[in-house]
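work-v9.csv (CSV, C-alpha atoms)
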```csv
chain,number,residue,atom,x,y,z
Q,1,MET,CA,-26.3,-9.6,-2.9
Q,2,ASN,CA,-25.9,-13.3,-3.5
Q,3,ASP,CA,-25.8,-12.7,-7.2
Q,4,VAL,CA,-22.9,-10.4,-6.8
Q,5,LYS,CA,-21.2,-13.0,-4.8
Q,6,ASP,CA,-21.7,-15.5,-7.6
Q,7,MET,CA,-20.3,-13.1,-10.0
Q,8,LEU,CA,-17.2,-12.6,-7.8
Q,9,ALA,CA,-16.9,-16.4,-7.5
Q,10,ALA,CA,-16.9,-16.7,-11.2
Q,11,ALA,CA,-14.0,-14.2,-11.4
Q,12,LEU,CA,-12.0,-16.9,-9.5
Q,13,ASP,CA,-12.4,-19.5,-12.2
Q,14,ARG,CA,-8.6,-19.5,-12.6
Q,15,GLY,CA,-7.9,-18.7,-9.0
Q,16,PRO,CA,-6.9,-21.0,-6.1
Q,17,ASP,CA,-9.2,-24.0,-5.7
Q,18,PRO,CA,-10.9,-24.0,-2.2
Q,19,GLY,CA,-9.9,-27.6,-1.8
Q,20,GLN,CA,-6.3,-27.4,-2.7
Q,21,PRO,CA,-3.8,-28.6,-0.1
Q,22,VAL,CA,-1.7,-26.1,1.7
Q,23,ASN,CA,1.8,-26.6,3.1
Q,24,PRO,CA,2.4,-23.9,5.7
Q,25,ALA,CA,6.2,-24.4,5.8
Q,26,ALA,CA,7.1,-21.4,3.5
Q,27,ASP,CA,4.8,-19.0,5.4
Q,28,LEU,CA,6.2,-20.2,8.7
Q,29,ALA,CA,9.7,-19.6,7.4
Q,30,ARG,CA,8.8,-16.1,6.2
Q,31,GLY,CA,7.1,-15.3,9.5
Q,32,ARG,CA,10.1,-16.4,11.5
Q,33,ARG,CA,12.4,-14.3,9.3
Q,34,LEU,CA,10.3,-11.2,9.8
Q,35,LEU,CA,10.1,-11.8,13.5
Q,36,ARG,CA,13.9,-12.2,13.7
Q,37,ARG,CA,14.3,-8.9,11.8
Q,38,ARG,CA,11.9,-7.1,14.0
Q,39,ARG,CA,13.7,-8.4,17.1
Q,40,LEU,CA,17.0,-7.3,15.8
Q,41,ALA,CA,15.6,-3.9,14.9
Q,42,GLY,CA,14.2,-3.6,18.4
Q,43,LEU,CA,17.6,-4.4,19.8
Q,44,ALA,CA,19.3,-1.8,17.6
Q,45,GLY,CA,16.6,0.7,18.5
Q,46,ALA,CA,17.2,0.0,22.2
Q,47,ALA,CA,20.9,0.5,21.7
Q,48,GLY,CA,20.2,3.8,19.9
Q,49,GLY,CA,17.9,4.9,22.7
Q,50,ALA,CA,20.6,4.1,25.3
Q,51,ALA,CA,23.1,6.2,23.3
Q,52,ALA,CA,20.6,9.1,23.1
Q,53,ALA,CA,20.1,8.8,26.9
Q,54,ALA,CA,23.8,9.1,27.3
Q,55,GLY,CA,23.7,12.5,25.8
Q,56,ILE,CA,24.3,11.9,22.1
Q,57,VAL,CA,21.6,14.1,21.0
Q,58,THR,CA,22.3,16.7,18.4
Q,59,VAL,CA,20.9,20.1,19.2
Q,60,VAL,CA,20.5,22.4,16.3
Q,61,LEU,CA,20.7,26.0,17.3
Q,62,THR,CA,17.9,27.5,15.3
Q,63,ALA,CA,16.1,29.2,18.1
Q,64,GLY,CA,16.7,32.8,17.1
Q,65,PRO,CA,19.3,35.2,18.6
Q,66,ALA,CA,21.3,33.8,21.4
Q,67,GLY,CA,20.7,35.3,24.8
Q,68,PRO,CA,23.2,36.2,27.3
Q,69,HIS,CA,23.7,32.5,28.0
Q,70,PRO,CA,23.8,30.7,24.6
Q,71,ALA,CA,22.5,27.2,24.6
Q,72,PRO,CA,25.2,24.5,24.6
Q,73,SER,CA,25.8,22.6,21.5
Q,74,SER,CA,24.7,19.5,23.2
Q,75,GLN,CA,23.0,18.8,26.4
Q,76,HIS,CA,21.7,16.0,28.5
Q,77,THR,CA,18.2,17.3,29.1
Q,78,SER,CA,15.5,15.5,27.2
Q,79,ARG,CA,13.5,18.7,26.8
Q,80,PRO,CA,15.7,21.6,25.9
Q,81,ALA,CA,14.0,24.9,26.1
Q,82,GLY,CA,14.1,26.7,22.8
Q,83,PRO,CA,16.5,24.9,20.4
Q,84,VAL,CA,15.0,22.4,18.0
Q,85,VAL,CA,16.3,18.9,18.8
Q,86,THR,CA,16.8,16.6,15.8
Q,87,LEU,CA,17.6,12.9,16.4
Q,88,ARG,CA,20.4,11.4,14.3
Q,89,PRO,CA,19.1,9.4,11.4
Q,90,ARG,CA,18.7,5.7,12.2
Q,91,GLN,CA,21.8,3.7,12.2
Q,92,GLY,CA,22.5,2.5,8.7
Q,93,SER,CA,20.0,4.9,7.1
Q,94,ALA,CA,20.8,6.6,3.9
Q,95,GLU,CA,22.2,10.1,4.3
Q,96,LEU,CA,20.6,12.9,2.3
Q,97,VAL,CA,23.1,14.9,0.3
Q,98,SER,CA,22.9,17.8,-2.2
Q,99,TYR,CA,22.3,16.7,-5.7
Q,100,ARG,CA,23.7,18.4,-8.8
Q,101,GLY,CA,23.3,15.6,-11.4
Q,102,TYR,CA,20.9,14.8,-14.1
Q,103,GLN,CA,17.4,16.2,-13.7
Q,104,ALA,CA,14.5,14.5,-15.5
Q,105,PRO,CA,11.4,16.2,-17.0
Q,106,GLY,CA,8.5,16.9,-14.6
Q,107,TYR,CA,10.3,17.4,-11.3
Q,108,GLN,CA,13.6,18.7,-9.9
Q,109,VAL,CA,15.1,17.3,-6.7
Q,110,SER,CA,17.7,19.1,-4.7
Q,111,GLU,CA,18.8,16.3,-2.4
Q,112,VAL,CA,19.0,12.6,-2.8
Q,113,PRO,CA,20.3,9.7,-0.6
Q,114,ARG,CA,24.0,9.4,-0.8
Q,115,GLY,CA,24.9,7.3,-3.8
Q,116,TRP,CA,21.5,7.7,-5.4
Q,117,VAL,CA,20.7,9.5,-8.6
Q,118,VAL,CA,17.7,10.7,-10.5
Q,119,GLN,CA,17.0,7.7,-12.7
Q,120,GLY,CA,14.6,9.3,-15.1
Q,121,SER,CA,10.9,10.0,-15.5
Q,122,ASN,CA,8.0,9.4,-17.7
Q,123,ALA,CA,5.1,11.8,-18.1
Q,124,PHE,CA,3.7,10.8,-14.7
Q,125,ALA,CA,6.5,9.8,-12.3
Q,126,LEU,CA,10.1,10.3,-11.5
Q,127,THR,CA,12.3,7.7,-9.9
Q,128,VAL,CA,15.4,8.1,-7.7
Q,129,ALA,CA,17.5,5.0,-7.3
Q,130,PRO,CA,20.9,3.8,-6.3
Q,131,ARG,CA,23.4,4.7,-9.0
Q,132,ASP,CA,24.1,0.9,-9.6
Q,133,ASP,CA,20.6,-0.2,-9.3
Q,134,PRO,CA,20.2,-3.0,-12.0
Q,135,ASP,CA,16.5,-2.0,-12.5
Q,136,LYS,CA,16.8,0.9,-14.9
Q,137,PHE,CA,13.1,0.8,-15.9
Q,138,VAL,CA,11.7,4.2,-14.9
Q,139,SER,CA,8.2,2.9,-14.5
Q,140,SER,CA,9.3,0.3,-12.0
Q,141,PHE,CA,9.3,1.6,-8.5
Q,142,VAL,CA,10.6,-1.4,-6.5
Q,143,GLY,CA,13.1,-0.2,-4.0
Q,144,LYS,CA,13.2,3.3,-5.4
Q,145,ILE,CA,11.9,6.7,-4.4
Q,146,ALA,CA,9.0,7.5,-6.7
Q,147,VAL,CA,7.7,11.1,-7.0
Q,148,MET,CA,4.5,11.8,-8.8
Q,149,LEU,CA,1.4,13.9,-8.6
Q,150,LEU,CA,-1.6,12.4,-6.8
Q,151,SER,CA,-3.5,10.1,-9.1
Q,152,ARG,CA,-6.6,11.5,-10.6
Q,153,ASP,CA,-8.4,8.5,-9.2
Q,154,GLU,CA,-7.4,9.2,-5.7
Q,155,PRO,CA,-9.2,11.8,-3.5
Q,156,VAL,CA,-7.2,14.7,-2.1
Q,157,PRO,CA,-6.3,13.7,1.4
Q,158,SER,CA,-8.5,15.2,4.0
Q,159,GLY,CA,-8.5,15.4,7.8
Q,160,GLN,CA,-5.8,16.6,10.1
Q,161,PRO,CA,-2.4,16.8,8.4
Q,162,ASN,CA,0.3,15.0,10.5
Q,163,VAL,CA,3.3,16.7,8.9
Q,164,MET,CA,4.0,20.1,7.3
Q,165,VAL,CA,6.2,20.2,4.2
Q,166,ALA,CA,7.6,23.7,3.7
Q,167,GLY,CA,4.7,25.1,5.6
Q,168,ARG,CA,2.0,23.2,3.7
Q,169,PRO,CA,-0.1,20.3,4.8
Q,170,GLY,CA,1.0,16.8,4.4
Q,171,PHE,CA,0.0,13.3,5.3
Q,172,LEU,CA,2.7,10.8,6.1
Q,173,ARG,CA,2.1,7.0,6.4
Q,174,GLN,CA,4.9,4.9,7.6
Q,175,GLY,CA,5.2,1.1,8.0
Q,176,ASP,CA,8.0,-1.4,8.0
Q,177,GLY,CA,10.4,1.5,7.3
Q,178,ALA,CA,8.7,2.5,4.1
Q,179,GLY,CA,6.8,5.7,3.8
Q,180,VAL,CA,4.2,7.4,1.7
Q,181,LEU,CA,4.1,11.2,1.9
Q,182,LYS,CA,1.3,13.2,0.3
Q,183,TYR,CA,1.5,16.9,0.5
Q,184,GLN,CA,0.4,20.0,-1.2
Q,185,ALA,CA,3.1,21.7,-3.2
Q,186,ALA,CA,3.5,25.4,-3.6
Q,187,SER,CA,1.6,25.2,-6.9
Q,188,GLY,CA,-1.4,23.8,-5.1
Q,189,GLN,CA,-1.0,20.4,-6.7
Q,190,TRP,CA,-0.8,17.4,-4.4
Q,191,VAL,CA,2.4,15.4,-4.6
Q,192,ASP,CA,2.7,11.7,-3.7
Q,193,ILE,CA,6.2,10.5,-2.8
Q,194,GLN,CA,6.8,6.9,-2.0
Q,195,PHE,CA,9.9,5.8,-0.1
Q,196,PRO,CA,11.3,2.3,0.1
Q,197,ALA,CA,12.1,0.6,3.4
Q,198,ARG,CA,15.8,0.2,2.6
Q,199,LEU,CA,16.4,4.0,3.2
Q,200,GLY,CA,15.8,3.4,6.9
Q,201,TRP,CA,14.5,6.9,7.2
Q,202,HIS,CA,12.3,8.6,9.7
Q,203,ARG,CA,9.8,11.4,9.4
Q,204,ALA,CA,12.3,14.3,9.3
Q,205,GLN,CA,14.1,12.8,6.4
Q,206,PHE,CA,11.0,12.1,4.4
Q,207,ILE,CA,10.0,15.7,4.8
Q,208,ARG,CA,13.4,17.0,4.0
Q,209,PHE,CA,13.5,15.1,0.8
Q,210,ALA,CA,10.0,16.4,-0.2
Q,211,GLU,CA,11.0,20.0,0.6
Q,212,GLY,CA,13.7,19.6,-2.0
Q,213,VAL,CA,11.3,18.6,-4.8
Q,214,THR,CA,10.1,21.1,-7.3
Q,215,VAL,CA,7.1,20.2,-9.4
Q,216,LEU,CA,7.5,21.6,-12.9
Q,217,PRO,CA,4.6,22.5,-15.3
Q,218,SER,CA,5.3,19.4,-17.4
Q,219,ALA,CA,4.4,17.0,-14.6
Q,220,GLN,CA,1.1,15.2,-15.2
Q,221,GLN,CA,-1.3,13.4,-13.1
Q,222,GLY,CA,-1.7,9.7,-13.8
Q,223,ARG,CA,-4.6,7.4,-13.1
Q,224,GLY,CA,-4.9,4.3,-11.1
G,1,MET,CA,14.1,-26.8,14.2
G,2,THR,CA,11.8,-27.2,17.2
G,3,ARG,CA,8.3,-25.9,16.8
G,4,SER,CA,6.9,-23.6,19.4
G,5,PRO,CA,3.2,-23.3,20.2
G,6,ARG,CA,3.2,-20.2,18.1
G,7,ASP,CA,4.6,-22.2,15.1
G,8,GLU,CA,2.0,-24.9,15.7
G,9,GLU,CA,-1.0,-22.6,15.9
G,10,PHE,CA,0.2,-20.5,13.0
G,11,SER,CA,0.7,-23.5,10.8
G,12,ALA,CA,-2.7,-24.8,11.6
G,13,PHE,CA,-4.2,-21.4,10.8
G,14,VAL,CA,-2.3,-21.2,7.5
G,15,THR,CA,-3.3,-24.8,6.5
G,16,GLU,CA,-7.0,-24.0,7.1
G,17,ARG,CA,-7.3,-20.4,6.0
G,18,ARG,CA,-4.6,-19.6,3.4
G,19,VAL,CA,-6.7,-20.5,0.4
G,20,ALA,CA,-9.6,-18.4,1.5
G,21,LEU,CA,-7.3,-15.4,2.1
G,22,LEU,CA,-5.7,-16.0,-1.3
G,23,ARG,CA,-9.1,-16.0,-3.0
G,24,THR,CA,-10.1,-12.8,-1.3
G,25,ALA,CA,-6.7,-11.3,-2.3
G,26,CYS,CA,-7.3,-12.4,-5.9
G,27,LEU,CA,-10.5,-10.4,-6.0
G,28,LEU,CA,-9.0,-7.4,-4.4
G,29,THR,CA,-6.3,-7.4,-7.1
G,30,ALA,CA,-8.8,-8.1,-9.9
G,31,GLY,CA,-7.2,-11.4,-10.7
G,32,ASP,CA,-3.6,-10.5,-10.4
G,33,GLN,CA,-2.5,-13.8,-8.8
G,34,HIS,CA,1.1,-12.8,-8.3
G,35,LEU,CA,0.2,-9.6,-6.4
G,36,ALA,CA,-2.4,-11.6,-4.5
G,37,GLU,CA,0.2,-14.1,-3.5
G,38,ASP,CA,2.5,-11.2,-2.4
G,39,LEU,CA,-0.3,-9.8,-0.3
G,40,VAL,CA,-1.1,-13.1,1.4
G,41,GLN,CA,2.6,-13.8,2.1
G,42,THR,CA,3.0,-10.3,3.6
G,43,ALA,CA,-0.2,-10.6,5.7
G,44,LEU,CA,0.7,-14.0,7.0
G,45,ALA,CA,4.2,-13.0,7.9
G,46,ARG,CA,2.8,-10.0,9.8
G,47,MET,CA,0.3,-12.3,11.5
G,48,TYR,CA,3.1,-14.6,12.7
G,49,VAL,CA,4.9,-11.7,14.2
G,50,ALA,CA,1.8,-10.5,15.9
G,51,TRP,CA,0.6,-14.0,16.9
G,52,PRO,CA,0.3,-13.2,20.6
G,53,LYS,CA,-2.2,-10.5,19.6
G,54,VAL,CA,-3.9,-12.8,17.2
G,55,ARG,CA,-4.4,-15.2,20.1
G,56,ARG,CA,-6.0,-12.5,22.2
G,57,SER,CA,-8.2,-11.3,19.3
G,58,GLU,CA,-11.8,-12.4,19.1
G,59,SER,CA,-11.3,-14.0,15.7
G,60,ALA,CA,-8.2,-15.0,13.9
G,61,ASP,CA,-10.1,-14.7,10.7
G,62,ALA,CA,-11.1,-11.1,11.4
G,63,TYR,CA,-7.5,-10.3,12.3
G,64,ALA,CA,-6.3,-11.9,9.1
G,65,ARG,CA,-8.8,-9.9,7.0
G,66,ARG,CA,-7.6,-6.7,8.6
G,67,VAL,CA,-4.0,-7.5,8.0
G,68,LEU,CA,-4.7,-8.5,4.4
G,69,VAL,CA,-6.7,-5.4,3.7
G,70,ASN,CA,-4.0,-3.2,5.3
G,71,ALA,CA,-1.4,-5.0,3.2
G,72,TYR,CA,-3.5,-4.4,0.1
G,73,ILE,CA,-4.0,-0.7,0.9
G,74,ASP,CA,-0.3,-0.3,1.6
G,75,GLU,CA,0.5,-1.9,-1.7
G,76,VAL,CA,-1.9,0.0,-3.9
G,77,ARG,CA,-0.5,3.2,-2.4
G,78,ARG,CA,2.9,2.3,-3.8
G,79,PRO,CA,2.8,2.5,-7.5
G,80,ARG,CA,5.8,0.2,-7.6
G,81,TRP,CA,3.3,-2.6,-7.0
G,82,ARG,CA,1.2,-1.6,-9.9
G,83,ARG,CA,1.7,-4.1,-12.6
G,84,GLU,CA,0.3,-1.6,-15.1
G,85,GLN,CA,1.8,1.7,-16.0
G,86,THR,CA,0.2,5.0,-15.1
G,87,VAL,CA,-1.4,6.6,-18.1
G,88,SER,CA,-3.2,9.9,-18.7
G,89,ASP,CA,-6.4,8.1,-19.6
G,90,PRO,CA,-7.3,4.4,-19.5
G,91,PRO,CA,-7.5,2.8,-22.9
G,92,ASP,CA,-10.9,2.5,-24.5
G,93,ARG,CA,-12.6,-0.7,-23.8
G,94,PRO,CA,-14.4,-2.7,-26.4
G,95,ASP,CA,-18.0,-1.7,-26.7
G,96,ALA,CA,-20.1,-4.0,-24.6
G,97,GLY,CA,-22.6,-4.1,-27.5
G,98,PRO,CA,-26.1,-2.7,-27.8
G,99,PRO,CA,-28.6,-3.3,-25.0
G,100,ASP,CA,-30.2,-6.1,-26.9
G,101,GLY,CA,-26.9,-7.7,-27.6
G,102,TRP,CA,-25.7,-8.3,-24.1
G,103,PRO,CA,-24.0,-11.6,-23.6
G,104,ASP,CA,-25.8,-14.5,-22.1
G,105,ALA,CA,-22.8,-15.5,-20.1
G,106,VAL,CA,-19.7,-13.7,-18.8
G,107,ASP,CA,-16.6,-15.6,-18.1
G,108,GLY,CA,-14.1,-15.0,-15.4
G,109,GLU,CA,-11.7,-13.1,-17.6
G,110,VAL,CA,-14.3,-10.5,-18.4
G,111,ILE,CA,-15.3,-10.1,-14.8
G,112,ARG,CA,-11.7,-9.7,-13.7
G,113,ALA,CA,-11.2,-7.1,-16.4
G,114,ALA,CA,-14.3,-5.3,-15.1
G,115,LEU,CA,-13.1,-5.4,-11.6
G,116,ALA,CA,-9.8,-4.0,-12.7
G,117,GLU,CA,-11.6,-1.0,-14.0
G,118,LEU,CA,-12.8,0.0,-10.5
G,119,PRO,CA,-10.6,2.3,-8.4
G,120,LYS,CA,-8.9,0.1,-5.8
G,121,ARG,CA,-10.7,1.3,-2.8
G,122,MET,CA,-14.0,1.0,-4.6
G,123,ARG,CA,-13.1,-2.5,-5.6
G,124,ALA,CA,-12.2,-3.3,-2.0
G,125,ALA,CA,-15.5,-2.0,-0.7
G,126,VAL,CA,-17.4,-4.3,-3.2
G,127,VAL,CA,-15.2,-7.3,-2.3
G,128,LEU,CA,-15.5,-6.8,1.5
G,129,ARG,CA,-19.2,-6.2,1.4
G,130,HIS,CA,-20.3,-8.8,-1.2
G,131,TRP,CA,-17.6,-11.5,-1.0
G,132,LEU,CA,-16.8,-11.5,2.6
G,133,ASP,CA,-20.3,-10.4,3.6
G,134,LEU,CA,-18.9,-7.8,6.0
G,135,SER,CA,-21.2,-5.2,7.4
G,136,VAL,CA,-21.0,-1.5,6.4
G,137,GLU,CA,-19.5,-0.8,9.8
G,138,GLU,CA,-16.9,-3.5,9.5
G,139,THR,CA,-16.0,-2.5,6.0
G,140,ALA,CA,-15.6,1.2,7.0
G,141,SER,CA,-13.4,0.1,9.9
G,142,LEU,CA,-11.2,-1.9,7.6
G,143,LEU,CA,-10.9,0.7,4.9
G,144,ASP,CA,-10.5,3.5,7.5
G,145,CYS,CA,-13.4,5.6,6.0
G,146,SER,CA,-16.9,6.6,6.9
G,147,GLU,CA,-19.9,4.3,6.6
G,148,GLY,CA,-21.4,6.7,4.1
G,149,THR,CA,-18.3,6.3,2.0
G,150,VAL,CA,-18.6,2.6,2.1
G,151,LYS,CA,-22.2,2.8,1.0
G,152,SER,CA,-21.5,5.1,-1.9
G,153,GLN,CA,-18.4,3.3,-3.0
G,154,THR,CA,-20.2,0.0,-3.0
G,155,ALA,CA,-23.2,1.3,-4.9
G,156,LYS,CA,-21.0,3.0,-7.5
G,157,GLY,CA,-18.9,-0.1,-7.8
G,158,ILE,CA,-21.8,-2.3,-8.4
G,159,ALA,CA,-23.3,0.2,-10.9
G,160,ARG,CA,-20.0,0.4,-12.7
G,161,LEU,CA,-19.7,-3.4,-12.9
G,162,ARG,CA,-23.2,-3.6,-14.3
G,163,SER,CA,-22.3,-1.1,-16.9
G,164,LEU,CA,-19.0,-2.8,-17.8
G,165,LEU,CA,-20.6,-6.2,-17.9
G,166,GLY,CA,-23.5,-5.1,-20.1
G,167,GLY,CA,-26.3,-4.3,-17.7
G,168,GLY,CA,-28.2,-7.6,-17.7
G,169,ALA,CA,-25.2,-9.7,-18.1
G,170,ALA,CA,-25.3,-13.2,-16.7
G,171,VAL,CA,-22.6,-15.3,-15.3
G,172,THR,CA,-21.7,-18.9,-16.0
G,173,SER,CA,-21.1,-20.6,-12.7
G,174,ARG,CA,-18.9,-23.6,-12.5
G,175,THR,CA,-21.4,-25.2,-10.3
G,176,GLY,CA,-24.7,-24.3,-12.0
G,177,PRO,CA,-26.4,-22.8,-15.0
G,178,ALA,CA,-26.1,-19.2,-16.1
G,179,ARG,CA,-27.9,-16.8,-13.9
G,180,SER,CA,-28.4,-13.1,-13.4
G,181,VAL,CA,-25.2,-11.4,-12.2
G,182,LEU,CA,-26.2,-8.2,-10.6
G,183,PRO,CA,-29.2,-7.0,-8.7
G,184,ALA,CA,-31.3,-4.2,-10.1
G,185,GLU,CA,-30.5,-0.7,-9.2
G,186,GLY,CA,-31.4,0.2,-5.7
G,187,THR,CA,-31.7,-3.3,-4.4
```
Same coordinates, now as structure tokens:
Amino acid sequence: MNDVKDMLAAALDRGPDPGQPVNPAADLARGRRLLRRRRLAGLAGAAGGAAAAAGIVTVVLTAGPAGPHPAPSSQHTSRPAGPVVTLRPRQGSAELVSYRGYQAPGYQVSEVPRGWVVQGSNAFALTVAPRDDPDKFVSSFVGKIAVMLLSRDEPVPSGQPNVMVAGRPGFLRQGDGAGVLKYQAASGQWVDIQFPARLGWHRAQFIRFAEGVTVLPSAQQGRG
Amino acid sequence: MTRSPRDEEFSAFVTERRVALLRTACLLTAGDQHLAEDLVQTALARMYVAWPKVRRSESADAYARRVLVNAYIDEVRRPRWRREQTVSDPPDRPDAGPPDGWPDAVDGEVIRAALAELPKRMRAAVVLRHWLDLSVEETASLLDCSEGTVKSQTAKGIARLRSLLGGGAAVTSRTGPARSVLPAEGT
């Protein structure tokens, strides 16, 4: 065990020196910024919650044939019987719109965030980015939506799926507004989509985007 | 700007523990110091936000480890953080040489390259178990997997490193003479 530790220590020959001085100012500033953002987001969420409580809840009438007393198009009850309730997207979040632009090899997408386009693809991944994104490098995923098949080095997700994508199991992880959605496509392949925080999306939007993705036979699994 | 008790405590923690976190992050990232710095910055910022919880936790160090590992796992799940490009197959590595030609010493660069060959979670299991000396149970908790997975991933990781470093490779320590790197199989 100790020999392995020595080996790992040797890997740090160019790493930080244990005795080097540390100035915490930059970390403190970053922490304060993040805390401020979280608090602002909390206030915005509370405002949104108040609006929802006031009755601004969209009710989508998808509950089958209307009975003798059709459900209203909006209502104040928090638990409507029958109709599916969908919350409005977060304030400032990117709206999903139908996409008819350039499609890159490997995948097709039917909806993109408004103002975003399919940027391109390599053999292993496709990126969707704002039309004016200065980063045109397809293999760079910073701030973009990246669609790919699950890496060959990564095990197929197991356990209880927490979402369904077009009726098939999926696993969604969210954090700080970003999301990673892994789901089984109609072909049986596992797709891995990674969403940047700047979309401001919630679960329904992640799923809706994924449901618009078609994996083509030319898509390949990467490694790593 | 006035400094709150949170600021004071956080600053003290950063002063004392930042380098250790950065060294762990460097191992998790197989020597990618830029990514390691990103991870530590992310982890520390999250800790500052959660400082009331850190205060209530049994150990700020343990809390920091968890946040760092979570940041690492979040990052490696996003290929945008990968500095390398995805490929259909990894490039061939130079032959380590015949069994009787193993090097007497392995420098840090070679070890980092070997670490980089491990799948990320396997590398994390090795680092958590052997660098941080965490128990199987603690490692399983941090990696959100079973204890059996930790054991198998750690064993495979060590075996893979042994293979990549030439089986009986030795390491040149900055503080001492060359010595055996890895334990024999099954130890």
Selection near G:Ala71, 7 Å with only C-alpha atoms, sequence-local residues under 6 positions removed, as a PyMOL selection string:
chain G and resi 39+42-43
Those same residues, written as a short mmCIF file (atom, residue, chain, number, x, y, z; two decimals), keeping the file's coordinate frame with C-alpha atoms?
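Output (out15.cif):
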```cif
data_model
loop_
_atom_site.label_atom_id
_atom_site.label_comp_id
_atom_site.auth_asym_id
_atom_site.auth_seq_id
_atom_site.Cartn_x
_atom_site.Cartn_y
_atom_site.Cartn_z
CA LEU G 39 -0.30 -9.80 -0.30
CA THR G 42 3.00 -10.30 3.60
CA ALA G 43 -0.20 -10.60 5.70
#
```
With a distance cut-off of 8 Å and only C-alpha atoms, select the neighbouring residues of stretch 166-169 of chain Q, excluding the residue or stretch itself and same-chain residues fewer than 5 positions from it, and output the selection as number ranges by chain.
Q: 161, 183-186, 211
For a test of reading the model, state the distance in Å between atom CA of G:Val19 and atom CA of G:Glu117, rounded to one decimal.
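These atoms are spaced 24.7 Å apart.
Among Q:Ser158, Q:Gln103, Q:Ser93, Q:Ser187, the residue with the shortest atom-to-atom distance to chain G, counting all atoms listed in the file, is Q:Ser158.
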Which residues of chain Q sit at most 9 Å from chain G, using all atoms listed in the file? Give each one's shortest atom pair and distance in Å (one decimal place), in chain and ascending residue order, as a tab-separated table.
```
residue	atom	partner	partner_atom	distance
Q:Met1	CA	G:His130	CA	6.3
Q:Asn2	CA	G:His130	CA	7.5
Q:Asp3	CA	G:Val181	CA	5.2
Q:Val4	CA	G:Leu182	CA	5.5
Q:Lys5	CA	G:Trp131	CA	5.4
Q:Asp6	CA	G:Val181	CA	7.1
Q:Met7	CA	G:Val181	CA	5.6
Q:Leu8	CA	G:Trp131	CA	6.9
Q:Ala9	CA	G:Ser173	CA	7.9
Q:Ala10	CA	G:Gly108	CA	5.3
Q:Ala11	CA	G:Gly108	CA	4.1
Q:Leu12	CA	G:Gly108	CA	6.5
Q:Asp13	CA	G:Gly108	CA	5.8
Q:Arg14	CA	G:Gly108	CA	7.6
Q:Gly15	CA	G:Arg23	CA	6.7
Q:Pro16	CA	G:Arg23	CA	6.3
Q:Asp17	CA	G:Val19	CA	7.5
Q:Pro18	CA	G:Val19	CA	6.1
Q:Gly19	CA	G:Val19	CA	8.1
Q:Gln20	CA	G:Val19	CA	7.6
Q:Pro21	CA	G:Thr15	CA	7.6
Q:Val22	CA	G:Thr15	CA	5.2
Q:Asn23	CA	G:Thr15	CA	6.4
Q:Pro24	CA	G:Ser11	CA	5.4
Q:Ala25	CA	G:Ser11	CA	7.5
Q:Ala26	CA	G:Gln41	CA	8.9
Q:Asp27	CA	G:Ala45	CA	6.5
Q:Leu28	CA	G:Ser11	CA	6.7
Q:Ala29	CA	G:Ala45	CA	8.6
Q:Arg30	CA	G:Ala45	CA	5.8
Q:Gly31	CA	G:Ala45	CA	4.0
Q:Arg32	CA	G:Tyr48	CA	7.3
Q:Arg33	CA	G:Ala45	CA	8.4
Q:Leu34	CA	G:Ala45	CA	6.6
Q:Leu35	CA	G:Val49	CA	5.2
Q:Arg38	CA	G:Val49	CA	8.4
Q:Ala123	CA	G:Val87	CA	8.3
Q:Phe124	CA	G:Thr86	CA	6.8
Q:Ala125	CA	G:Thr86	CA	8.4
Q:Ser139	CA	G:Gln85	CA	6.7
Q:Ser140	CA	G:Arg80	CA	5.6
Q:Phe141	CA	G:Arg80	CA	3.9
Q:Val142	CA	G:Arg80	CA	5.2
Q:Gly143	CA	G:Arg80	CA	8.1
Q:Lys144	CA	G:Arg80	CA	8.3
Q:Ala146	CA	G:Pro79	CA	8.0
Q:Ser151	CA	G:Thr86	CA	8.7
Q:Arg152	CA	G:Ser88	CA	8.9
Q:Asp153	CA	G:Pro119	CA	6.6
Q:Glu154	CA	G:Pro119	CA	8.1
Q:Gly175	CA	G:Asp74	CA	8.6
Q:Val180	CA	G:Arg77	CA	7.5
Q:Ile193	CA	G:Arg78	CA	8.9
Q:Gln194	CA	G:Arg78	CA	6.3
Q:Phe195	CA	G:Arg78	CA	8.7
Q:Gln220	CA	G:Ser88	CA	7.7
Q:Gln221	CA	G:Ser88	CA	6.9
Q:Gly222	CA	G:Ser88	CA	5.1
Q:Arg223	CA	G:Thr86	CA	5.7
Q:Gly224	CA	G:Thr86	CA	6.5
```
Atom pair atom CA of Q:Ala129 + atom CA of Q:Ile145, distance 6.5 Å
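Put simply, atom CA of Q:Val112 is 7.0 Å away from atom CA of Q:Phe209.
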